Amino acid sequence: MNASELKIGESREIIGFSDDVLSLKLIEMGCLPGNQISLNYIAPLGDPVCVHVEGYDLSLRKSEAASIIIQ
Amino acid sequence: MKIALAGNPNSGKSSLFNQLTGMNQKVGNFPGVTVDKKSGFFKDAKGETVQVIDLPGTYSLYPKSEEEEVVREVLTNKEHPEHPDLVIAIVDATNIKRNLLLFSQIHDLGIPIILALNMMDLVRKRKRSIDNILLNSRFNVPVIEINARTGIGIQEIKNLVTLPLAAPDRIYFENTGSSGNPDHDQRVETLERYKFLDEKLKGIVHDPEKINTTLTRKLDPYFTHRIWGYGILLALLFIVFQAIFSWAEWPMDLIDGSFQQFSSWLADILPPGIVANLLTEGIIPGIGGIVIFIPQIAILFAFIGILEETGYMSRVVFLMDKIMAIFGLNGRSVVPLISGVACAVPAIMATRTISSKRDRLITILVTPFMSCSARLPVYTILIALVIPDELIFGVINLKGLVLFSLYILGFLAALIASLIIKQFVKTGEKSYLVMEMPSFKMPRWTNLSLSILEKTRTFVTEAGKIILSISIVLWFAASYGPGTAITESQKAVNQLAAENQWSEEMTQVKLDAAKLQSSYAGHFGKFIEPAIAPLGYDWKIGIALISSFAAREVFVGTIATIYSVGETSDELSIKEKLAKEVHPDTGEPRFNLAVGISLMLFYAFAMQCMSTIAVVYRETKGWKWPMIQLAFMTTLAYVSALIAYQVLR
């Protein structure tokens, strides 16, 4: 499953990425395999989403969240 | 000595820069790219001058944007003119591991480096601790605790830079590029670095409890709510719009009045002649035309500064991203577009907050379609002339409805233009949203005032030059004519005045009209008449089109002069005079419905603003985009005015 399928408040472990270029940026911003990612809230129109990772909040588009593979 | 400040976005880098340099800073360009270079200087503990450069915020040295590319280039290329002797890496202690990633990359470049640990107060507030001394010995570089908000640690930096600092003696990692896939190699290297940092940070960071009930956590559900979120955003945008529209009015009137007074005072004391004319009609009004924008720029940037500093701007992006993405725009395009309803000049400067180059360019290109306040006097006079005072359904005033439609038209034009431009502008840069949602903070007022000062100074010095040059050209064109054309036409007026015993005032009004008609601008108006005749305009309107290139509202003044209305402040007299003007061929009123609508559409779409062109030149760092913008806006204006006139006449 991927991070765009998280439910609000749900926390899962990151295990990998499906987008080669985007993954580097996500890693640099703290989305490391092994870290927990949880969904804070979703924008009113269903996109983008705000997640909590590595002690801070990150907002990203649904399509971008979908490239984060979680357990 | 040259030092560079490097760090993640939101790490407090700019605050440290402001603390170090105070007023001794300036904004320039990095050669060859459209990235602003913030540089300044300070005196170190020994009194030596130290140059500082504030590098754009980045998460790593593997660039994903032009700004990040600049950071990489400055730090890795030893031949680069900005290559520093020392780097201060600012690390946000609340998110130390992620921030140390960039530090470790810069460390490995072999440049002497100081680690400035910022936001330790927040760390302590969260009952965590970071052992600086251990950090210092583990990484073997000087570690300074700073507070970029209050200035703690600044003196230590000023002491430290006087000491000879050696380059780090060992390198943590090297990207060997072994797999042939750079994305893969960079990812592997980054993960290795994190693993290394995990090891190094063992026993340094104590994080006894995870606290998630911060103020931000409590506020965010409201700020991003589907009703409250948009409600708050709308209310804030309304306040910003009101402020630029109305708060700026009295300082602008004051500036306008002072420059006029100064001009007439100077005209009285100087001997009449070309120098006096150039000063009082060309240069001083030209400078006045630059200074008049300062209140709007300052007010808009005060608001934008507050939105950015508090962290609210990220929520704006979060709320608007989905909607704006449809039009190839960005969540951050909202503020410039709304500000454009007051004035495109500060609005275009505000696009600097848009990090995607492509989204920013599109926003710059479409913002001038928003109906700015300078169009209002033009619309008002034309609506008064050609739109009848009728009520629709007994309640809606037709004049009001037309004015409202013109505003909607501008907004739609901006959105449709974005859709079209989106197809053509390809920067090869994929648009990402991925962005940090900073926690809510109080704005730092010194940062705010420095940023307002800097924006104003940039506008005055860079866009100002172009505005002043064009004003002087336009003044010359309206004041001088080929050969003796002006003196001859004025001789004729004086003769008529003597024959018909005109009053002095009447004579002066007729003299002004004759002067403008026989000037270069007048000749140019006649020259372009064949081109604008299909739009329903004569050469007199042509002159007004040319002179209002300085600013749209000049249309009203020029029309008043050319039709010898006299006192231009009296809107009613302009209207009455223009209403009596007849078309020489048809004998019908010159300003009929077809001509009126055609002119309104022309002013809705045409660029007709040299200050906007100047500021687009400044923001895109070249003439290419302002010229493309001028061409497409003028073409659109011409075609729609043509269609309107041909259908309605």
# chains A, B, ... in the order shown; residues from 1 in each chain; ligands from 1
call {"tool": "residues_around", "arguments": {"residues": "A:Lys7", "least_positions_apart": "2", "cutoff": "12 Å", "atoms": "only C-alpha atoms", "output": "PDB file with C-alpha atoms, in the first residue's frame"}}
result
ATOM      1  CA  MET A   1       0.000   0.000   0.000  1.00  0.00           C
ATOM      2  CA  ASN A   2       1.091   3.593  -0.429  1.00  0.00           C
ATOM      3  CA  ALA A   3       0.912   6.789   1.614  1.00  0.00           C
ATOM      4  CA  SER A   4      -2.048   8.201  -0.329  1.00  0.00           C
ATOM      5  CA  GLU A   5      -4.170   5.365   1.092  1.00  0.00           C
ATOM      6  CA  GLY A   9      -4.409   9.551  12.237  1.00  0.00           C
ATOM      7  CA  GLU A  10      -3.096   6.255  10.868  1.00  0.00           C
ATOM      8  CA  SER A  11       0.663   5.728  11.161  1.00  0.00           C
ATOM      9  CA  ARG A  12       2.705   3.294   9.069  1.00  0.00           C
ATOM     10  CA  ILE A  37       4.566   8.337   8.396  1.00  0.00           C
ATOM     11  CA  SER A  38       1.128   9.402   9.567  1.00  0.00           C
ATOM     12  CA  LEU A  39      -1.666  11.330   7.888  1.00  0.00           C
ATOM     13  CA  ASN A  40      -2.556  14.598   9.622  1.00  0.00           C
ATOM     14  CA  TYR A  41      -5.294  15.989   7.431  1.00  0.00           C
ATOM     15  CA  ILE A  42      -6.481  16.256   3.833  1.00  0.00           C
ATOM     16  CA  VAL A  49      -2.500  15.946   1.971  1.00  0.00           C
ATOM     17  CA  CYS A  50      -0.471  16.817   5.066  1.00  0.00           C
ATOM     18  CA  VAL A  51       1.596  14.069   6.683  1.00  0.00           C
TER      19      VAL A  51
END
call {"tool": "residues_around", "arguments": {"residues": "B:Met633", "least_positions_apart": "4", "cutoff": "8 Å", "atoms": "only C-alpha atoms", "output": "list of chain:residue names"}}
result
B:Phe605, B:Ala606, B:Met607, B:Gln629, B:Ala637
call {"tool": "write_last_selection", "arguments": {"atoms": "N, CA and C atoms", "output": "short mmCIF file (atom, residue, chain, number, x, y, z; two decimals), in the first residue's frame"}}
result
data_model
loop_
_atom_site.label_atom_id
_atom_site.label_comp_id
_atom_site.auth_asym_id
_atom_site.auth_seq_id
_atom_site.Cartn_x
_atom_site.Cartn_y
_atom_site.Cartn_z
N PHE B 605 -7.58 44.58 -21.86
CA PHE B 605 -6.60 43.56 -22.27
C PHE B 605 -5.21 44.11 -22.58
N ALA B 606 -5.10 45.38 -23.00
CA ALA B 606 -3.79 45.87 -23.44
C ALA B 606 -2.85 46.08 -22.26
N MET B 607 -1.56 45.92 -22.51
CA MET B 607 -0.57 46.09 -21.45
C MET B 607 -0.56 47.53 -20.95
N GLN B 629 4.88 39.37 -23.60
CA GLN B 629 3.67 39.76 -22.88
C GLN B 629 3.01 40.98 -23.53
N ALA B 637 -5.98 42.70 -27.18
CA ALA B 637 -6.74 43.94 -27.01
C ALA B 637 -7.24 44.42 -28.37
#
call {"tool": "interface_residues", "arguments": {"of": "chain A", "to": "chain B", "cutoff": "7 Å", "atoms": "only C-alpha atoms", "output": "list in words"}}
result
Asp20, Val21, Leu24, Glu28, Met29, Gly30, Ala43, Pro44, Asp47, Pro48, Gly55, Asp57, Leu58, Ser59, Leu60 and Arg61 of chain A
call {"tool": "write_last_selection", "arguments": {"atoms": "N, CA and C atoms", "output": "PDB file, in the first residue's frame"}}
result
ATOM      1  N   ASP A  20      11.568   7.327  -9.073  1.00  0.00           N
ATOM      2  CA  ASP A  20      13.019   7.423  -8.924  1.00  0.00           C
ATOM      3  C   ASP A  20      13.490   8.828  -8.573  1.00  0.00           C
ATOM      4  N   VAL A  21      12.952   9.834  -9.299  1.00  0.00           N
ATOM      5  CA  VAL A  21      13.437  11.206  -9.116  1.00  0.00           C
ATOM      6  C   VAL A  21      12.883  11.794  -7.818  1.00  0.00           C
ATOM      7  N   LEU A  24      14.394  10.862  -4.119  1.00  0.00           N
ATOM      8  CA  LEU A  24      15.560  11.533  -3.536  1.00  0.00           C
ATOM      9  C   LEU A  24      15.118  12.757  -2.736  1.00  0.00           C
ATOM     10  N   GLU A  28      15.571  13.336   1.198  1.00  0.00           N
ATOM     11  CA  GLU A  28      16.246  14.519   1.732  1.00  0.00           C
ATOM     12  C   GLU A  28      15.368  15.257   2.733  1.00  0.00           C
ATOM     13  N   MET A  29      14.050  15.160   2.534  1.00  0.00           N
ATOM     14  CA  MET A  29      13.151  15.858   3.447  1.00  0.00           C
ATOM     15  C   MET A  29      12.756  14.983   4.633  1.00  0.00           C
ATOM     16  N   GLY A  30      13.379  13.851   4.769  1.00  0.00           N
ATOM     17  CA  GLY A  30      13.186  13.067   5.981  1.00  0.00           C
ATOM     18  C   GLY A  30      12.277  11.859   5.852  1.00  0.00           C
ATOM     19  N   ALA A  43      -6.613  18.213   2.361  1.00  0.00           N
ATOM     20  CA  ALA A  43      -7.162  19.502   1.918  1.00  0.00           C
ATOM     21  C   ALA A  43      -8.634  19.324   1.544  1.00  0.00           C
ATOM     22  N   PRO A  44      -9.427  20.407   1.634  1.00  0.00           N
ATOM     23  CA  PRO A  44     -10.867  20.307   1.402  1.00  0.00           C
ATOM     24  C   PRO A  44     -11.241  19.641   0.066  1.00  0.00           C
ATOM     25  N   ASP A  47      -7.140  16.910  -2.085  1.00  0.00           N
ATOM     26  CA  ASP A  47      -5.758  16.963  -2.541  1.00  0.00           C
ATOM     27  C   ASP A  47      -5.272  18.379  -2.298  1.00  0.00           C
ATOM     28  N   PRO A  48      -4.093  18.654  -1.835  1.00  0.00           N
ATOM     29  CA  PRO A  48      -3.046  17.756  -1.332  1.00  0.00           C
ATOM     30  C   PRO A  48      -3.345  17.209   0.078  1.00  0.00           C
ATOM     31  N   GLY A  55       9.282  14.020  12.797  1.00  0.00           N
ATOM     32  CA  GLY A  55       9.136  15.141  13.723  1.00  0.00           C
ATOM     33  C   GLY A  55       8.622  16.438  13.127  1.00  0.00           C
ATOM     34  N   ASP A  57       5.848  18.403   9.891  1.00  0.00           N
ATOM     35  CA  ASP A  57       4.738  18.235   8.953  1.00  0.00           C
ATOM     36  C   ASP A  57       5.176  18.522   7.523  1.00  0.00           C
ATOM     37  N   LEU A  58       4.643  17.731   6.621  1.00  0.00           N
ATOM     38  CA  LEU A  58       5.022  17.839   5.216  1.00  0.00           C
ATOM     39  C   LEU A  58       3.731  17.820   4.410  1.00  0.00           C
ATOM     40  N   SER A  59       3.581  18.748   3.453  1.00  0.00           N
ATOM     41  CA  SER A  59       2.397  18.639   2.605  1.00  0.00           C
ATOM     42  C   SER A  59       2.834  18.204   1.218  1.00  0.00           C
ATOM     43  N   LEU A  60       2.055  17.338   0.614  1.00  0.00           N
ATOM     44  CA  LEU A  60       2.385  16.858  -0.715  1.00  0.00           C
ATOM     45  C   LEU A  60       1.116  16.458  -1.462  1.00  0.00           C
ATOM     46  N   ARG A  61       1.208  16.483  -2.792  1.00  0.00           N
ATOM     47  CA  ARG A  61       0.048  16.101  -3.601  1.00  0.00           C
ATOM     48  C   ARG A  61      -0.202  14.614  -3.423  1.00  0.00           C
TER      49      ARG A  61
END
call {"tool": "select_by_dssp", "arguments": {"residues": "stretch 1-98 of chain B", "states": "strand (DSSP E)", "output": "ChimeraX atom specification"}}
result
/B:2-7,25-29,36-43,49-54,86-92
call {"tool": "residues_around", "arguments": {"residues": "stretch 519-528 of chain B", "least_positions_apart": "5", "cutoff": "10 Å", "atoms": "only C-alpha atoms", "output": "mmCIF file with N, CA and C atoms, in the first residue's frame"}}
result
data_model
loop_
_atom_site.group_PDB
_atom_site.id
_atom_site.type_symbol
_atom_site.label_atom_id
_atom_site.label_comp_id
_atom_site.auth_asym_id
_atom_site.auth_seq_id
_atom_site.Cartn_x
_atom_site.Cartn_y
_atom_site.Cartn_z
ATOM 1 N N LEU B 474 8.252 59.927 -23.462
ATOM 2 C CA LEU B 474 6.859 60.321 -23.688
ATOM 3 C C LEU B 474 6.671 61.828 -23.524
ATOM 4 N N TRP B 475 7.364 62.403 -22.535
ATOM 5 C CA TRP B 475 7.291 63.855 -22.344
ATOM 6 C C TRP B 475 7.794 64.579 -23.591
ATOM 7 N N PHE B 476 8.929 64.094 -24.103
ATOM 8 C CA PHE B 476 9.519 64.727 -25.284
ATOM 9 C C PHE B 476 8.552 64.645 -26.468
ATOM 10 N N ALA B 477 7.972 63.454 -26.650
ATOM 11 C CA ALA B 477 7.073 63.240 -27.783
ATOM 12 C C ALA B 477 5.850 64.153 -27.698
ATOM 13 N N ALA B 478 5.390 64.437 -26.483
ATOM 14 C CA ALA B 478 4.184 65.250 -26.343
ATOM 15 C C ALA B 478 4.502 66.743 -26.327
ATOM 16 N N SER B 479 5.771 67.116 -26.100
ATOM 17 C CA SER B 479 6.114 68.530 -25.952
ATOM 18 C C SER B 479 6.777 69.125 -27.181
ATOM 19 N N TYR B 480 7.360 68.295 -28.014
ATOM 20 C CA TYR B 480 8.073 68.806 -29.174
ATOM 21 C C TYR B 480 7.502 68.214 -30.446
ATOM 22 N N GLY B 481 7.607 69.008 -31.524
ATOM 23 C CA GLY B 481 7.081 68.506 -32.795
ATOM 24 C C GLY B 481 8.123 68.699 -33.869
ATOM 25 N N PRO B 482 7.878 68.126 -35.030
ATOM 26 C CA PRO B 482 8.821 68.286 -36.135
ATOM 27 C C PRO B 482 8.852 69.750 -36.595
ATOM 28 N N GLY B 483 10.037 70.294 -36.834
ATOM 29 C CA GLY B 483 10.216 71.652 -37.364
ATOM 30 C C GLY B 483 9.498 72.690 -36.532
ATOM 31 N N THR B 484 8.719 73.508 -37.202
ATOM 32 C CA THR B 484 8.046 74.602 -36.514
ATOM 33 C C THR B 484 6.561 74.291 -36.334
ATOM 34 N N ALA B 485 6.195 73.022 -36.405
ATOM 35 C CA ALA B 485 4.784 72.625 -36.374
ATOM 36 C C ALA B 485 4.049 73.206 -35.162
ATOM 37 N N ILE B 486 4.688 73.125 -33.995
ATOM 38 C CA ILE B 486 3.993 73.563 -32.782
ATOM 39 C C ILE B 486 3.823 75.083 -32.778
ATOM 40 N N SER B 489 1.105 76.135 -35.228
ATOM 41 C CA SER B 489 -0.268 75.831 -34.806
ATOM 42 C C SER B 489 -0.684 76.775 -33.685
ATOM 43 N N ALA B 513 -4.123 72.145 -26.538
ATOM 44 C CA ALA B 513 -4.623 71.155 -27.495
ATOM 45 C C ALA B 513 -3.834 71.222 -28.797
ATOM 46 N N ALA B 514 -3.575 72.445 -29.263
ATOM 47 C CA ALA B 514 -2.841 72.624 -30.526
ATOM 48 C C ALA B 514 -1.428 72.078 -30.401
ATOM 49 N N ALA B 533 -8.375 52.861 -37.030
ATOM 50 C CA ALA B 533 -9.682 53.231 -37.552
ATOM 51 C C ALA B 533 -10.682 52.067 -37.526
ATOM 52 N N ASP B 538 -10.193 57.597 -33.802
ATOM 53 C CA ASP B 538 -9.536 58.556 -34.674
ATOM 54 C C ASP B 538 -8.141 58.854 -34.135
ATOM 55 N N TRP B 539 -7.442 59.767 -34.787
ATOM 56 C CA TRP B 539 -6.060 60.027 -34.379
ATOM 57 C C TRP B 539 -5.983 60.669 -33.000
ATOM 58 N N LYS B 540 -7.052 61.365 -32.588
ATOM 59 C CA LYS B 540 -7.032 61.964 -31.256
ATOM 60 C C LYS B 540 -7.027 60.873 -30.177
ATOM 61 N N ILE B 541 -7.867 59.877 -30.387
ATOM 62 C CA ILE B 541 -7.846 58.746 -29.453
ATOM 63 C C ILE B 541 -6.492 58.048 -29.550
ATOM 64 N N GLY B 542 -5.932 58.019 -30.776
ATOM 65 C CA GLY B 542 -4.603 57.442 -30.982
ATOM 66 C C GLY B 542 -3.557 58.092 -30.088
ATOM 67 N N ILE B 543 -3.607 59.428 -29.995
ATOM 68 C CA ILE B 543 -2.651 60.133 -29.122
ATOM 69 C C ILE B 543 -2.848 59.694 -27.675
ATOM 70 N N ALA B 544 -4.123 59.585 -27.276
ATOM 71 C CA ALA B 544 -4.410 59.169 -25.893
ATOM 72 C C ALA B 544 -3.891 57.756 -25.640
ATOM 73 N N LEU B 545 -4.026 56.866 -26.645
ATOM 74 C CA LEU B 545 -3.512 55.500 -26.490
ATOM 75 C C LEU B 545 -2.001 55.536 -26.270
ATOM 76 N N ILE B 546 -1.323 56.357 -27.074
ATOM 77 C CA ILE B 546 0.141 56.408 -26.964
ATOM 78 C C ILE B 546 0.563 56.977 -25.615
ATOM 79 N N SER B 547 -0.028 58.119 -25.234
ATOM 80 C CA SER B 547 0.443 58.743 -23.998
ATOM 81 C C SER B 547 0.036 57.930 -22.772
ATOM 82 N N ILE B 562 -6.721 67.080 -25.292
ATOM 83 C CA ILE B 562 -6.821 67.076 -26.740
ATOM 84 C C ILE B 562 -8.183 67.610 -27.214
#
call {"tool": "decode", "arguments": {"residues": "stretch 439-459 of chain B", "atoms": "N, CA and C atoms", "output": "short mmCIF file (atom, residue, chain, number, x, y, z; two decimals), in the first residue's frame"}}
result
data_model
loop_
_atom_site.label_atom_id
_atom_site.label_comp_id
_atom_site.auth_asym_id
_atom_site.auth_seq_id
_atom_site.Cartn_x
_atom_site.Cartn_y
_atom_site.Cartn_z
N SER B 439 5.59 25.23 11.57
CA SER B 439 4.66 25.51 12.66
C SER B 439 4.41 27.01 12.74
N PHE B 440 3.25 27.38 13.28
CA PHE B 440 2.91 28.80 13.36
C PHE B 440 3.86 29.53 14.30
N LYS B 441 4.30 30.71 13.88
CA LYS B 441 5.23 31.51 14.68
C LYS B 441 4.77 32.96 14.66
N MET B 442 5.25 33.73 15.61
CA MET B 442 5.05 35.17 15.56
C MET B 442 6.00 35.74 14.50
N PRO B 443 5.55 36.73 13.73
CA PRO B 443 6.48 37.32 12.76
C PRO B 443 7.62 38.06 13.45
N ARG B 444 8.78 38.07 12.81
CA ARG B 444 9.90 38.83 13.34
C ARG B 444 9.88 40.20 12.68
N TRP B 445 9.63 41.23 13.49
CA TRP B 445 9.36 42.55 12.91
C TRP B 445 10.57 43.15 12.22
N THR B 446 11.79 42.84 12.72
CA THR B 446 12.97 43.40 12.03
C THR B 446 13.11 42.77 10.65
N ASN B 447 12.88 41.45 10.57
CA ASN B 447 12.93 40.79 9.26
C ASN B 447 11.94 41.42 8.31
N LEU B 448 10.75 41.69 8.85
CA LEU B 448 9.66 42.24 8.06
C LEU B 448 10.05 43.60 7.51
N SER B 449 10.59 44.47 8.39
CA SER B 449 10.90 45.82 7.92
C SER B 449 12.07 45.80 6.94
N LEU B 450 13.05 44.91 7.18
CA LEU B 450 14.16 44.81 6.24
C LEU B 450 13.67 44.33 4.87
N SER B 451 12.72 43.40 4.89
CA SER B 451 12.24 42.86 3.62
C SER B 451 11.44 43.93 2.85
N ILE B 452 10.65 44.74 3.57
CA ILE B 452 9.90 45.82 2.91
C ILE B 452 10.88 46.82 2.30
N LEU B 453 11.90 47.15 3.09
CA LEU B 453 12.90 48.11 2.64
C LEU B 453 13.60 47.61 1.38
N GLU B 454 13.93 46.32 1.40
CA GLU B 454 14.67 45.74 0.29
C GLU B 454 13.82 45.69 -0.99
N LYS B 455 12.54 45.30 -0.86
CA LYS B 455 11.64 45.24 -2.02
C LYS B 455 11.47 46.63 -2.63
N THR B 456 11.29 47.63 -1.75
CA THR B 456 11.09 48.99 -2.22
C THR B 456 12.34 49.49 -2.95
N ARG B 457 13.50 49.22 -2.34
CA ARG B 457 14.74 49.69 -2.93
C ARG B 457 14.97 49.03 -4.29
N THR B 458 14.71 47.74 -4.38
CA THR B 458 14.88 47.03 -5.65
C THR B 458 13.99 47.66 -6.72
N PHE B 459 12.73 47.93 -6.36
CA PHE B 459 11.81 48.50 -7.33
C PHE B 459 12.30 49.86 -7.79
#
